[in-house]
file target-v9.cif (mmCIF, C-alpha atoms and all ligand atoms)
data_input
loop_
_atom_site.label_atom_id
_atom_site.label_comp_id
_atom_site.auth_asym_id
_atom_site.auth_seq_id
_atom_site.Cartn_x
_atom_site.Cartn_y
_atom_site.Cartn_z
CA MET A 1 175.93 -77.93 -15.37
CA THR A 2 178.01 -74.82 -15.40
CA SER A 3 178.14 -73.18 -12.02
CA GLY A 4 178.31 -69.52 -11.14
CA SER A 5 176.55 -66.59 -12.71
CA SER A 6 179.40 -66.10 -15.16
CA GLY A 7 179.43 -69.77 -16.13
CA SER A 8 182.87 -70.34 -14.63
CA ALA A 9 183.64 -73.74 -13.12
CA LEU A 10 183.30 -74.39 -9.41
CA PHE A 11 186.34 -73.48 -7.30
CA THR A 12 188.24 -71.63 -10.02
CA LYS A 13 187.43 -68.18 -8.67
CA PRO A 14 187.50 -66.79 -5.12
CA TRP A 15 184.72 -68.49 -3.18
CA LYS A 16 181.94 -66.12 -2.14
CA GLY A 17 179.25 -68.52 -0.99
CA ILE A 18 176.54 -70.62 -2.55
CA ILE A 19 174.39 -67.77 -3.90
CA ASP A 20 177.32 -66.32 -5.81
CA CYS A 21 178.23 -69.74 -7.23
CA TYR A 22 174.75 -71.09 -8.00
CA ARG A 23 172.85 -67.85 -8.57
CA THR A 24 170.99 -69.01 -11.65
CA TYR A 25 169.57 -71.99 -9.74
CA LEU A 26 168.35 -69.94 -6.78
CA PRO A 27 165.37 -67.60 -6.25
CA VAL A 28 167.41 -64.39 -6.09
CA ASN A 29 167.37 -61.33 -8.31
CA ASP A 30 169.21 -58.03 -8.62
CA ASN A 31 167.16 -56.59 -5.74
CA THR A 32 168.06 -59.37 -3.31
CA PRO A 33 170.67 -58.19 -0.80
CA ILE A 34 173.04 -61.14 -0.42
CA ILE A 35 173.77 -61.97 3.20
CA THR A 36 176.60 -64.49 3.15
CA LEU A 37 179.35 -65.90 5.32
CA HIS A 38 180.84 -67.65 2.26
CA GLU A 39 179.17 -70.94 3.16
CA GLY A 40 179.44 -74.06 1.00
CA ASN A 41 182.40 -75.45 -0.96
CA THR A 42 182.89 -78.03 1.80
CA PRO A 43 185.31 -80.96 1.47
CA LEU A 44 184.29 -84.28 -0.05
CA VAL A 45 186.76 -86.75 1.42
CA PHE A 46 187.31 -90.39 0.44
CA ALA A 47 186.81 -92.75 3.40
CA PRO A 48 189.05 -95.80 2.93
CA HIS A 49 188.30 -97.44 6.26
CA ILE A 50 184.51 -97.17 5.95
CA THR A 51 184.76 -98.37 2.34
CA LYS A 52 186.60 -101.47 3.58
CA LEU A 53 184.15 -102.04 6.45
CA CYS A 54 181.23 -102.21 4.01
CA ASN A 55 182.85 -105.33 2.52
CA ILE A 56 181.17 -105.01 -0.87
CA PRO A 57 183.29 -105.30 -4.06
CA GLY A 58 184.14 -102.09 -5.89
CA LEU A 59 182.60 -99.69 -3.39
CA SER A 60 183.85 -96.12 -2.87
CA VAL A 61 182.57 -94.21 0.14
CA TYR A 62 183.00 -90.45 0.45
CA LEU A 63 182.15 -88.11 3.32
CA LYS A 64 180.73 -84.65 2.64
CA VAL A 65 182.06 -82.61 5.53
CA GLU A 66 179.31 -80.06 6.13
CA GLY A 67 180.79 -79.25 9.53
CA ALA A 68 183.24 -77.07 7.58
CA ASN A 69 180.52 -74.49 6.97
CA PRO A 70 180.86 -71.13 8.77
CA THR A 71 178.69 -72.06 11.77
CA GLY A 72 179.62 -75.73 11.58
CA SER A 73 176.58 -77.24 9.90
CA PHE A 74 174.71 -77.60 6.59
CA LYS A 75 172.10 -75.13 7.83
CA ASP A 76 174.22 -72.23 6.54
CA ARG A 77 173.45 -73.17 2.92
CA GLY A 78 169.75 -72.63 3.57
CA MET A 79 170.14 -69.72 5.94
CA THR A 80 172.03 -67.50 3.47
CA VAL A 81 169.06 -67.72 1.08
CA ALA A 82 166.36 -67.48 3.79
CA VAL A 83 167.88 -64.40 5.45
CA SER A 84 168.69 -62.70 2.13
CA LYS A 85 165.07 -63.17 1.02
CA ALA A 86 163.73 -62.04 4.41
CA ILE A 87 165.60 -58.77 3.99
CA GLU A 88 164.43 -58.40 0.40
CA GLU A 89 160.89 -58.75 1.80
CA LYS A 90 161.66 -55.98 4.37
CA SER A 91 161.48 -58.32 7.36
CA LYS A 92 163.23 -57.09 10.49
CA ALA A 93 163.18 -60.28 12.55
CA ILE A 94 163.60 -64.02 12.10
CA ILE A 95 162.54 -66.87 14.36
CA CYS A 96 163.06 -70.63 14.49
CA ALA A 97 162.57 -73.70 16.63
CA SER A 98 165.73 -75.74 16.76
CA THR A 99 167.58 -78.71 18.12
CA GLY A 100 170.59 -76.36 17.98
CA ASN A 101 172.15 -76.00 14.55
CA THR A 102 169.38 -74.01 12.89
CA SER A 103 169.46 -71.58 15.81
CA ALA A 104 173.25 -71.15 15.58
CA SER A 105 173.00 -70.50 11.86
CA ALA A 106 170.01 -68.15 12.09
CA ALA A 107 171.74 -66.15 14.83
CA ALA A 108 174.93 -65.83 12.77
CA TYR A 109 173.19 -64.74 9.56
CA ALA A 110 171.09 -62.21 11.50
CA ALA A 111 174.34 -60.79 12.85
CA ARG A 112 175.74 -60.72 9.30
CA ALA A 113 172.62 -58.88 8.13
CA ARG A 114 173.27 -56.27 10.82
CA ALA A 115 176.87 -56.04 9.62
CA ASN A 116 175.45 -55.12 6.20
CA GLY A 117 173.40 -52.31 7.74
CA TYR A 118 170.01 -53.98 8.12
CA LYS A 119 167.93 -54.23 11.27
CA MET A 120 167.53 -57.93 11.97
CA ASP A 121 166.60 -59.55 15.27
CA CYS A 122 166.78 -63.28 15.83
CA PHE A 123 164.55 -65.28 18.18
CA VAL A 124 165.07 -68.92 18.96
CA LEU A 125 163.10 -71.61 20.82
CA VAL A 126 165.07 -74.71 21.83
CA PRO A 127 164.26 -77.74 23.98
CA LYS A 128 165.79 -77.15 27.40
CA GLY A 129 168.43 -79.72 28.32
CA TYR A 130 168.59 -81.30 24.86
CA VAL A 131 170.80 -78.95 22.88
CA ALA A 132 174.51 -79.73 22.60
CA LEU A 133 176.64 -77.16 24.39
CA GLY A 134 178.47 -75.84 21.33
CA LYS A 135 175.23 -75.02 19.52
CA LEU A 136 173.60 -73.31 22.49
CA SER A 137 176.67 -71.17 23.05
CA GLN A 138 176.76 -70.19 19.37
CA ALA A 139 173.16 -68.97 19.30
CA MET A 140 173.75 -66.96 22.45
CA ILE A 141 177.03 -65.27 21.48
CA TYR A 142 175.84 -64.41 17.95
CA GLY A 143 173.23 -62.32 19.74
CA ALA A 144 169.96 -64.20 19.35
CA LYS A 145 167.31 -64.11 22.06
CA VAL A 146 167.34 -67.78 23.03
CA ILE A 147 164.38 -69.19 24.94
CA GLN A 148 164.86 -72.71 26.33
CA ILE A 149 161.41 -74.27 26.55
CA LYS A 150 160.41 -77.07 28.87
CA GLY A 151 159.28 -79.23 25.98
CA ASN A 152 160.68 -80.88 22.87
CA PHE A 153 161.51 -79.63 19.35
CA ASP A 154 158.07 -80.52 17.97
CA GLU A 155 156.38 -78.37 20.61
CA ALA A 156 158.82 -75.53 19.90
CA LEU A 157 158.04 -75.74 16.18
CA SER A 158 154.26 -75.59 16.80
CA LEU A 159 154.80 -72.49 18.90
CA VAL A 160 156.92 -70.64 16.35
CA LYS A 161 154.43 -71.50 13.60
CA GLU A 162 151.72 -69.86 15.67
CA ILE A 163 153.94 -66.85 16.43
CA VAL A 164 154.72 -66.17 12.74
CA SER A 165 151.01 -66.37 11.90
CA LYS A 166 150.33 -63.51 14.34
CA TYR A 167 153.45 -61.34 14.48
CA PRO A 168 155.74 -59.63 11.95
CA VAL A 169 158.59 -62.13 12.09
CA THR A 170 159.92 -64.52 9.41
CA LEU A 171 160.10 -68.26 10.03
CA VAL A 172 163.51 -69.68 9.07
CA ASN A 173 162.86 -73.35 9.80
CA SER A 174 162.99 -75.59 6.72
CA LEU A 175 159.24 -74.98 6.22
CA ASN A 176 160.58 -71.79 4.66
CA PRO A 177 161.09 -72.87 1.02
CA PHE A 178 164.18 -70.67 0.66
CA ARG A 179 165.97 -72.90 3.16
CA ILE A 180 165.40 -75.94 0.91
CA GLU A 181 166.56 -73.96 -2.13
CA GLY A 182 169.87 -73.12 -0.47
CA GLN A 183 170.45 -76.59 0.91
CA LYS A 184 169.97 -78.23 -2.48
CA THR A 185 173.36 -76.77 -3.49
CA GLY A 186 175.02 -79.54 -1.47
CA ALA A 187 173.88 -81.94 -4.21
CA PHE A 188 175.36 -79.72 -6.94
CA GLU A 189 178.71 -79.57 -5.17
CA ILE A 190 178.89 -83.34 -4.71
CA CYS A 191 178.29 -83.95 -8.44
CA GLU A 192 180.96 -81.41 -9.37
CA GLN A 193 183.47 -82.69 -6.82
CA LEU A 194 183.00 -86.32 -7.88
CA GLY A 195 182.78 -85.46 -11.55
CA LYS A 196 179.60 -87.54 -11.68
CA VAL A 197 176.34 -88.18 -9.87
CA PRO A 198 176.86 -90.59 -6.95
CA ASP A 199 174.99 -93.91 -6.97
CA VAL A 200 173.84 -93.62 -3.37
CA LEU A 201 173.38 -90.70 -0.98
CA ALA A 202 173.20 -91.57 2.74
CA ILE A 203 171.80 -88.85 4.99
CA PRO A 204 170.48 -88.40 8.55
CA VAL A 205 166.78 -87.54 8.82
CA GLY A 206 165.35 -85.31 11.55
CA ASN A 207 162.87 -82.66 10.48
CA ALA A 208 163.40 -84.08 6.95
CA GLY A 209 164.29 -80.81 5.24
CA ASN A 210 167.76 -81.84 4.15
CA ILE A 211 166.81 -85.09 2.41
CA THR A 212 164.10 -83.07 0.64
CA ALA A 213 166.65 -80.44 -0.40
CA TYR A 214 169.25 -82.93 -1.67
CA TRP A 215 166.65 -84.79 -3.72
CA LYS A 216 165.52 -81.50 -5.27
CA GLY A 217 169.14 -80.65 -6.03
CA PHE A 218 169.87 -83.97 -7.71
CA CYS A 219 166.65 -83.78 -9.74
CA GLU A 220 167.62 -80.32 -10.98
CA TYR A 221 171.20 -81.37 -11.69
CA ALA A 222 170.45 -84.35 -13.92
CA LYS A 223 167.07 -85.60 -15.07
CA ASN A 224 168.08 -89.16 -15.93
CA ASP A 225 170.93 -89.86 -13.57
CA ARG A 226 170.08 -89.63 -9.90
CA PRO A 227 171.32 -91.33 -6.75
CA ILE A 228 169.37 -93.74 -4.60
CA MET A 229 168.49 -91.77 -1.47
CA ILE A 230 168.87 -93.64 1.81
CA GLY A 231 167.83 -91.71 4.91
CA PHE A 232 168.27 -92.67 8.55
CA GLU A 233 166.26 -91.76 11.62
CA ALA A 234 167.38 -92.61 15.14
CA SER A 235 165.41 -95.64 16.31
CA GLY A 236 164.02 -93.74 19.33
CA ALA A 237 162.89 -90.88 17.08
CA ALA A 238 161.64 -92.61 13.95
CA PRO A 239 158.19 -91.29 13.01
CA ILE A 240 158.66 -91.83 9.27
CA VAL A 241 159.81 -95.44 9.59
CA GLN A 242 157.13 -96.23 12.18
CA ASN A 243 154.57 -94.23 10.21
CA LYS A 244 153.27 -92.47 13.29
CA ILE A 245 153.99 -89.32 15.28
CA ILE A 246 156.35 -90.05 18.18
CA GLU A 247 155.19 -88.04 21.20
CA LYS A 248 158.39 -88.49 23.21
CA PRO A 249 161.33 -88.97 20.85
CA GLU A 250 164.62 -89.97 22.48
CA THR A 251 168.13 -90.38 21.09
CA VAL A 252 171.73 -89.54 21.91
CA ALA A 253 171.74 -87.72 18.56
CA THR A 254 169.88 -84.69 19.93
CA ALA A 255 169.98 -82.89 16.54
CA ILE A 256 167.50 -85.45 15.16
CA ARG A 257 165.41 -85.91 18.30
CA ILE A 258 162.21 -85.13 16.39
CA GLY A 259 158.86 -86.93 16.48
CA ASN A 260 156.80 -85.09 13.86
CA PRO A 261 158.98 -83.91 10.96
CA ALA A 262 157.82 -80.91 8.94
CA SER A 263 158.91 -82.38 5.58
CA TRP A 264 157.63 -85.90 6.30
CA LYS A 265 155.82 -86.39 2.96
CA GLN A 266 158.70 -84.96 0.91
CA ALA A 267 161.16 -87.33 2.61
CA VAL A 268 158.97 -90.34 1.85
CA ASN A 269 158.70 -89.10 -1.71
CA ALA A 270 162.48 -88.72 -2.09
CA ALA A 271 163.04 -92.29 -0.91
CA LYS A 272 160.29 -93.65 -3.16
CA GLU A 273 161.14 -91.74 -6.34
CA SER A 274 164.83 -92.63 -6.02
CA ASN A 275 164.19 -96.33 -5.32
CA GLY A 276 165.78 -95.75 -1.92
CA PHE A 277 164.48 -96.14 1.60
CA ILE A 278 164.34 -94.61 5.06
CA ASP A 279 165.47 -96.86 7.89
CA THR A 280 166.45 -96.57 11.55
CA VAL A 281 169.77 -96.78 13.34
CA THR A 282 170.10 -97.41 17.06
CA ASP A 283 172.02 -95.10 19.39
CA GLU A 284 174.61 -97.86 19.68
CA GLU A 285 175.05 -97.96 15.91
CA ILE A 286 175.24 -94.15 15.79
CA LEU A 287 177.92 -94.00 18.48
CA ASN A 288 179.89 -96.82 16.87
CA ALA A 289 179.92 -94.95 13.54
CA TYR A 290 180.72 -91.68 15.38
CA LYS A 291 183.85 -93.29 16.80
CA ILE A 292 184.86 -94.88 13.48
CA ILE A 293 184.53 -91.56 11.60
CA HIS A 294 186.75 -89.81 14.14
CA GLN A 295 189.22 -92.52 15.05
CA GLU A 296 189.63 -94.39 11.75
CA GLU A 297 189.07 -91.59 9.24
CA GLY A 298 190.36 -88.57 11.17
CA ILE A 299 187.21 -86.62 10.41
CA ALA A 300 185.02 -84.91 12.97
CA CYS A 301 181.24 -84.83 13.08
CA GLU A 302 178.48 -84.71 15.64
CA PRO A 303 176.48 -87.79 16.67
CA ALA A 304 173.46 -87.08 14.42
CA SER A 305 175.78 -86.83 11.42
CA ALA A 306 177.11 -90.30 12.13
CA ALA A 307 173.61 -91.67 11.45
CA SER A 308 174.46 -91.54 7.73
CA VAL A 309 177.51 -93.77 8.12
CA ALA A 310 175.75 -96.00 10.67
CA GLY A 311 172.94 -96.46 8.17
CA LEU A 312 175.33 -97.24 5.34
CA LEU A 313 177.11 -99.88 7.44
CA LYS A 314 173.77 -101.42 8.42
CA SER A 315 172.56 -101.42 4.81
CA ALA A 316 175.86 -102.90 3.52
CA LYS A 317 175.64 -105.72 6.06
CA ALA A 318 172.08 -106.43 4.91
CA LYS A 319 173.37 -106.51 1.29
CA LYS A 320 171.14 -103.58 0.35
CA ILE A 321 174.04 -101.79 -1.40
CA SER A 322 175.05 -102.80 -4.94
CA PRO A 323 178.70 -103.60 -5.76
CA GLU A 324 180.70 -100.95 -7.63
CA SER A 325 178.62 -98.12 -6.11
CA THR A 326 179.95 -94.66 -5.36
CA ILE A 327 178.39 -93.57 -2.09
CA VAL A 328 178.33 -90.20 -0.37
CA CYS A 329 177.48 -89.90 3.33
CA ILE A 330 176.50 -86.43 4.49
CA LEU A 331 178.27 -85.45 7.71
CA THR A 332 175.84 -82.71 8.63
CA GLY A 333 177.53 -81.02 11.60
CA ASN A 334 180.91 -80.30 13.18
CA GLY A 335 182.35 -82.51 15.93
CA LEU A 336 183.00 -79.51 18.18
CA LYS A 337 179.26 -78.92 18.50
CA ASP A 338 178.86 -81.67 21.08
CA PRO A 339 181.94 -81.86 23.30
CA ASP A 340 180.10 -83.79 26.04
CA THR A 341 179.41 -86.79 23.81
CA ALA A 342 182.94 -86.61 22.38
CA ILE A 343 184.47 -86.77 25.85
CA ASN A 344 182.12 -89.62 26.88
CA GLN A 345 182.97 -91.65 23.83
CA GLY A 346 186.68 -90.82 23.66
CA LYS A 347 189.46 -92.98 25.00
CA SER A 348 190.79 -90.79 27.79
CA GLU A 349 187.99 -89.68 30.09
CA GLY A 350 189.20 -89.55 33.68
CA LEU A 351 192.84 -90.43 32.92
CA GLU A 352 194.93 -88.36 35.33
CA ALA A 353 198.39 -88.67 36.82
CA ASN A 354 200.95 -86.94 38.96
CA PRO A 355 203.81 -85.37 36.99
CA ASP A 356 205.77 -88.56 37.57
CA LEU A 357 207.45 -90.40 34.70
CA LYS A 358 207.03 -93.89 36.14
CA GLU A 359 203.35 -93.40 36.83
CA ILE A 360 202.78 -92.02 33.33
CA ILE A 361 204.71 -94.82 31.62
CA THR A 362 202.55 -97.35 33.48
CA ILE A 363 199.40 -95.68 32.19
CA LEU A 364 200.73 -95.35 28.62
CA ASP A 365 201.17 -99.12 28.58
CA PHE A 366 203.04 -99.16 25.22
N1 LIG B 401 172.15 -83.47 11.30
C1 LIG B 401 172.28 -82.37 12.06
C2 LIG B 401 173.61 -82.08 12.65
C3 LIG B 401 171.17 -81.53 12.29
O1 LIG B 401 171.32 -80.45 13.05
C4 LIG B 401 169.92 -81.87 11.73
C5 LIG B 401 168.76 -81.04 11.98
C6 LIG B 401 169.86 -83.02 10.93
C7 LIG B 401 170.97 -83.79 10.74
C8 LIG B 401 168.60 -83.44 10.28
O2 LIG B 401 168.29 -82.61 9.20
O3 LIG B 401 166.10 -81.81 10.02
O4 LIG B 401 166.81 -81.46 7.66
O5 LIG B 401 166.23 -83.74 8.48
N2 LIG B 401 168.71 -80.08 12.79
C9 LIG B 401 167.59 -79.15 12.96
C10 LIG B 401 167.98 -78.01 13.86
C11 LIG B 401 166.32 -79.81 13.32
O6 LIG B 401 167.12 -77.42 14.51
O7 LIG B 401 169.16 -77.65 13.91
P1 LIG B 401 166.76 -82.39 8.80
#
call {"tool": "encode", "arguments": {"input": "target-v9.cif", "output": "C-alpha cells"}}
result
Amino acid sequence: MTSGSSGSALFTKPWKGIIDCYRTYLPVNDNTPIITLHEGNTPLVFAPHITKLCNIPGLSVYLKVEGANPTGSFKDRGMTVAVSKAIEEKSKAIICASTGNTSASAAAYAARARANGYKMDCFVLVPKGYVALGKLSQAMIYGAKVIQIKGNFDEALSLVKEIVSKYPVTLVNSLNPFRIEGQKTGAFEICEQLGKVPDVLAIPVGNAGNITAYWKGFCEYAKNDRPIMIGFEASGAAPIVQNKIIEKPETVATAIRIGNPASWKQAVNAAKESNGFIDTVTDEEILNAYKIIHQEEGIACEPASAASVAGLLKSAKAKKISPESTIVCILTGNGLKDPDTAINQGKSEGLEANPDLKEIITILDF
C-alpha cells in the first residue's frame, strides 16, 4: 500500500489527518469539505512487560495508543469522515448516543466545522451517572447540547435512531457507515508502523463498530495476510458472547457498558472470518490490566481500553495464542478521561501528611 493522495509514504510529510493521508481509500471527493483536527498517526509502542507476562516463546506485544488522538479516543478517526460527509450533504446538525467518547468527538468536530464557516449543531444523549468525568466535560465545553438520560446507552441509541428518522439531523454513531470508513485507517497505520500485518489484533468490544472497522481495514490492506481478531466484552456487558441482549449491562469500564451492540453481526463475522474469537473479561481482569499498562509500561489508557490487554493475558494463559506471534492491543481511549477510576486504582489515595519531615519519611517507608 502507498498512503496519501500523492503516493508518499506515511509520516514523511506534515501530518494533516487521516483523510489527507488515506484519501484514496475513503469515500471523499473534491466536493467534500474536510473537517479535521489532524487525527490519527498515533504511537504504536512495544510493551516489554506485557510481552513477558504472556509467557509464550517469541511473542511481541505492541500497544496502539489511540488516546493520543485530538479528543483522546479512536472516535476521531471516524468523526472526521462522518462530519465532513454530513457537511457535504448540507446537514446542519449531528446527534449521537454515547457512553462518552463519541459525544466528545462529535462535539469537537462540530466545533471544527463551525471554525471552517459551516453551521453545525451537536446534540448528545448520554446515560446519566455512567459517563466518565473527562468525557462529559469535553462534550459540554466543545459546545454540544448534552442531555443526560435516566437510562442506559442502548435506550439512548434507540431514541436517537428515532429522532434522526423524523428530524433533519445526521446520526454520527457507528451505524453511520462513514464512521467505520474512518476508523478502518487504524488498521492501515498499524501495518505501516510494524512494516507487516500483525498476527493478532486484540480489541475491546462495546457497540462493536471498531472491531468491524479494523477488520474492514485489514481486509482492504492485504487480501491474503490478515490478523486473527480477538475481541473482548466486559463480563457484565457481554451480549455477543452470551448470544442475547443484556437488559441491564454493568461494568467498571463504562465506555463498553452496552447490552445490544449496533454492529453485533459484523463483530461476529470479523471473529469468524479471521479465525479469531470474542470472549469476556471480568472487571477484576480489566482493572488488573489497567494498572499494568500504567504502572509497568508507563502508558495511559481508560478502563475499557484495558479490556484488550486483559483479554490477551487471559488468552495467553489459556494457550490460545501461538508462539512467535506479533500482537497489537488497541488502547482505545486516554487515561485522563476517567480520573475517578485512576485515583481509586492508584497507589496514593488518601495519603496525607503535615509538612513534617519525620512524618513524611515514615510514610515513604523506603
Ligand atoms: N473503548 C472505548 C474507550 C470506547 O469509548 C468504546 C466505545 C469502545 C472501546 C468500544 O468500541 O463501541 O466500537 O465496540 N464507545 C462508544 C461511545 C460506545 O459512545 O463513546 P465499539
call {"tool": "residues_around", "arguments": {"input": "target-v9.cif", "residues": "Thr36 of chain A", "least_positions_apart": "6", "cutoff": "8 Å", "atoms": "all atoms listed in the file", "output": "list of chain:residue names"}}
result
A:Lys16, A:Gly17, A:Thr80, A:Tyr109, A:Arg112
call {"tool": "residues_around", "arguments": {"input": "target-v9.cif", "residues": "Asn275 of chain A", "least_positions_apart": "6", "cutoff": "10 Å", "atoms": "all atoms listed in the file", "output": "list of chain:residue names"}}
result
A:Pro227, A:Ile228, A:Met229, A:Ile230, A:Asn269
call {"tool": "residues_near_ligand", "arguments": {"input": "target-v9.cif", "ligand": "ligand LIG 401 (chain B)", "cutoff": "6 Å", "atoms": "only C-alpha atoms and all ligand atoms", "output": "count of residues only"}}
result
18
call {"tool": "atom_distance", "arguments": {"input": "target-v9.cif", "atom1": "atom CA of Ala262 of chain A", "atom2": "atom CA of Ser158 of chain A"}}
result
10.1 Å
call {"tool": "closest_residue", "arguments": {"input": "target-v9.cif", "among": "A:Ile286, A:Ala104, A:Val200, A:Ala82", "to": "Leu133 of chain A", "atoms": "all atoms listed in the file"}}
result
A:Ala104
call {"tool": "residues_around", "arguments": {"input": "target-v9.cif", "residues": "segment 217-223 of chain A", "least_positions_apart": "4", "cutoff": "7 Å", "atoms": "all atoms listed in the file", "output": "PyMOL selection string"}}
result
chain A and resi 1+184-185+187-188+213
call {"tool": "atom_distance", "arguments": {"input": "target-v9.cif", "atom1": "atom CA of Glu296 of chain A", "atom2": "atom CA of His49 of chain A"}}
result
6.4 Å
call {"tool": "closest_residue", "arguments": {"input": "target-v9.cif", "among": "A:Gln138, A:Asn173, A:Thr32, A:Ser73", "to": "Ala97 of chain A", "atoms": "all atoms listed in the file"}}
result
A:Asn173
call {"tool": "residues_around", "arguments": {"input": "target-v9.cif", "residues": "Asp121 of chain A", "least_positions_apart": "3", "cutoff": "10 Å", "atoms": "all atoms listed in the file", "output": "PDB file with C-alpha atoms, in the frame of the given file"}}
result
ATOM      1  CA  SER A  91     161.480 -58.320   7.360  1.00  0.00           C
ATOM      2  CA  LYS A  92     163.230 -57.090  10.490  1.00  0.00           C
ATOM      3  CA  ALA A  93     163.180 -60.280  12.550  1.00  0.00           C
ATOM      4  CA  ILE A  94     163.600 -64.020  12.100  1.00  0.00           C
ATOM      5  CA  ILE A  95     162.540 -66.870  14.360  1.00  0.00           C
ATOM      6  CA  ALA A 106     170.010 -68.150  12.090  1.00  0.00           C
ATOM      7  CA  ALA A 107     171.740 -66.150  14.830  1.00  0.00           C
ATOM      8  CA  ALA A 110     171.090 -62.210  11.500  1.00  0.00           C
ATOM      9  CA  ALA A 111     174.340 -60.790  12.850  1.00  0.00           C
ATOM     10  CA  ALA A 113     172.620 -58.880   8.130  1.00  0.00           C
ATOM     11  CA  ARG A 114     173.270 -56.270  10.820  1.00  0.00           C
ATOM     12  CA  TYR A 118     170.010 -53.980   8.120  1.00  0.00           C
ATOM     13  CA  GLY A 143     173.230 -62.320  19.740  1.00  0.00           C
ATOM     14  CA  ALA A 144     169.960 -64.200  19.350  1.00  0.00           C
ATOM     15  CA  LYS A 145     167.310 -64.110  22.060  1.00  0.00           C
ATOM     16  CA  VAL A 169     158.590 -62.130  12.090  1.00  0.00           C
TER      17      VAL A 169
END
call {"tool": "atom_distance", "arguments": {"input": "target-v9.cif", "atom1": "atom CA of Gln266 of chain A", "atom2": "atom CA of Ser174 of chain A"}}
result
11.8 Å
call {"tool": "closest_residue", "arguments": {"input": "target-v9.cif", "among": "A:Lys64, A:Lys85, A:Lys265, A:Arg77", "to": "Ile293 of chain A", "atoms": "only C-alpha atoms"}}
result
A:Lys64
call {"tool": "closest_residue", "arguments": {"input": "target-v9.cif", "among": "A:Ala307, A:His294, A:Asp76, A:Leu59", "to": "Ser322 of chain A", "atoms": "only C-alpha atoms"}}
result
A:Leu59
call {"tool": "residues_around", "arguments": {"input": "target-v9.cif", "residues": "Val252 of chain A", "least_positions_apart": "4", "cutoff": "12 Å", "atoms": "only C-alpha atoms", "output": "PyMOL selection string"}}
result
chain A and resi 130-132+233-237+256-258+281-287+290+302-307+338+340-342+344-345
call {"tool": "axis_aligned_box", "arguments": {"input": "target-v9.cif", "around": "segment 68-75 of chain A", "padding_each_side": "5 Å", "output": "AutoDock Vina command-line options"}}
result
--center_x 177.7 --center_y -74.4 --center_z 9.2 --size_x 21.1 --size_y 16.5 --size_z 15.2
call {"tool": "closest_residue", "arguments": {"input": "target-v9.cif", "among": "A:Asn152, A:Ser103, A:Ser137, A:Ser348", "to": "Thr254 of chain A", "atoms": "only C-alpha atoms"}}
result
A:Asn152
call {"tool": "closest_residue", "arguments": {"input": "target-v9.cif", "among": "A:Ile19, A:Ile34, A:Ile50, A:Ile360", "to": "Gln295 of chain A", "atoms": "all atoms listed in the file"}}
result
A:Ile50
call {"tool": "decode", "arguments": {"input": "target-v9.cif", "residues": "segment 251-255 of chain A", "atoms": "all heavy atoms", "output": "mmCIF file, in the first residue's frame"}}
result
data_model
loop_
_atom_site.group_PDB
_atom_site.id
_atom_site.type_symbol
_atom_site.label_atom_id
_atom_site.label_comp_id
_atom_site.auth_asym_id
_atom_site.auth_seq_id
_atom_site.Cartn_x
_atom_site.Cartn_y
_atom_site.Cartn_z
ATOM 1 N N THR A 251 -20.566 -2.697 34.171
ATOM 2 C CA THR A 251 -19.112 -2.882 34.222
ATOM 3 C C THR A 251 -18.443 -1.583 34.648
ATOM 4 O O THR A 251 -18.972 -0.487 34.401
ATOM 5 C CB THR A 251 -18.520 -3.328 32.865
ATOM 6 O OG1 THR A 251 -17.090 -3.243 32.938
ATOM 7 C CG2 THR A 251 -18.986 -2.465 31.705
ATOM 8 N N VAL A 252 -17.276 -1.737 35.273
ATOM 9 C CA VAL A 252 -16.470 -0.572 35.647
ATOM 10 C C VAL A 252 -16.003 0.177 34.398
ATOM 11 O O VAL A 252 -15.751 1.379 34.427
ATOM 12 C CB VAL A 252 -15.267 -1.023 36.509
ATOM 13 C CG1 VAL A 252 -14.279 -1.873 35.699
ATOM 14 C CG2 VAL A 252 -14.534 0.151 37.123
ATOM 15 N N ALA A 253 -15.919 -0.565 33.278
ATOM 16 C CA ALA A 253 -15.487 0.031 32.012
ATOM 17 C C ALA A 253 -16.703 0.650 31.339
ATOM 18 O O ALA A 253 -17.295 0.093 30.406
ATOM 19 C CB ALA A 253 -14.850 -1.032 31.124
ATOM 20 N N THR A 254 -17.105 1.836 31.805
ATOM 21 C CA THR A 254 -18.379 2.426 31.372
ATOM 22 C C THR A 254 -18.450 2.648 29.852
ATOM 23 O O THR A 254 -19.539 2.648 29.291
ATOM 24 C CB THR A 254 -18.632 3.768 32.090
ATOM 25 O OG1 THR A 254 -17.476 4.599 31.947
ATOM 26 C CG2 THR A 254 -18.933 3.548 33.564
ATOM 27 N N ALA A 255 -17.305 2.807 29.211
ATOM 28 C CA ALA A 255 -17.303 3.029 27.747
ATOM 29 C C ALA A 255 -17.928 1.844 27.006
ATOM 30 O O ALA A 255 -18.493 2.017 25.924
ATOM 31 C CB ALA A 255 -15.885 3.270 27.244
#
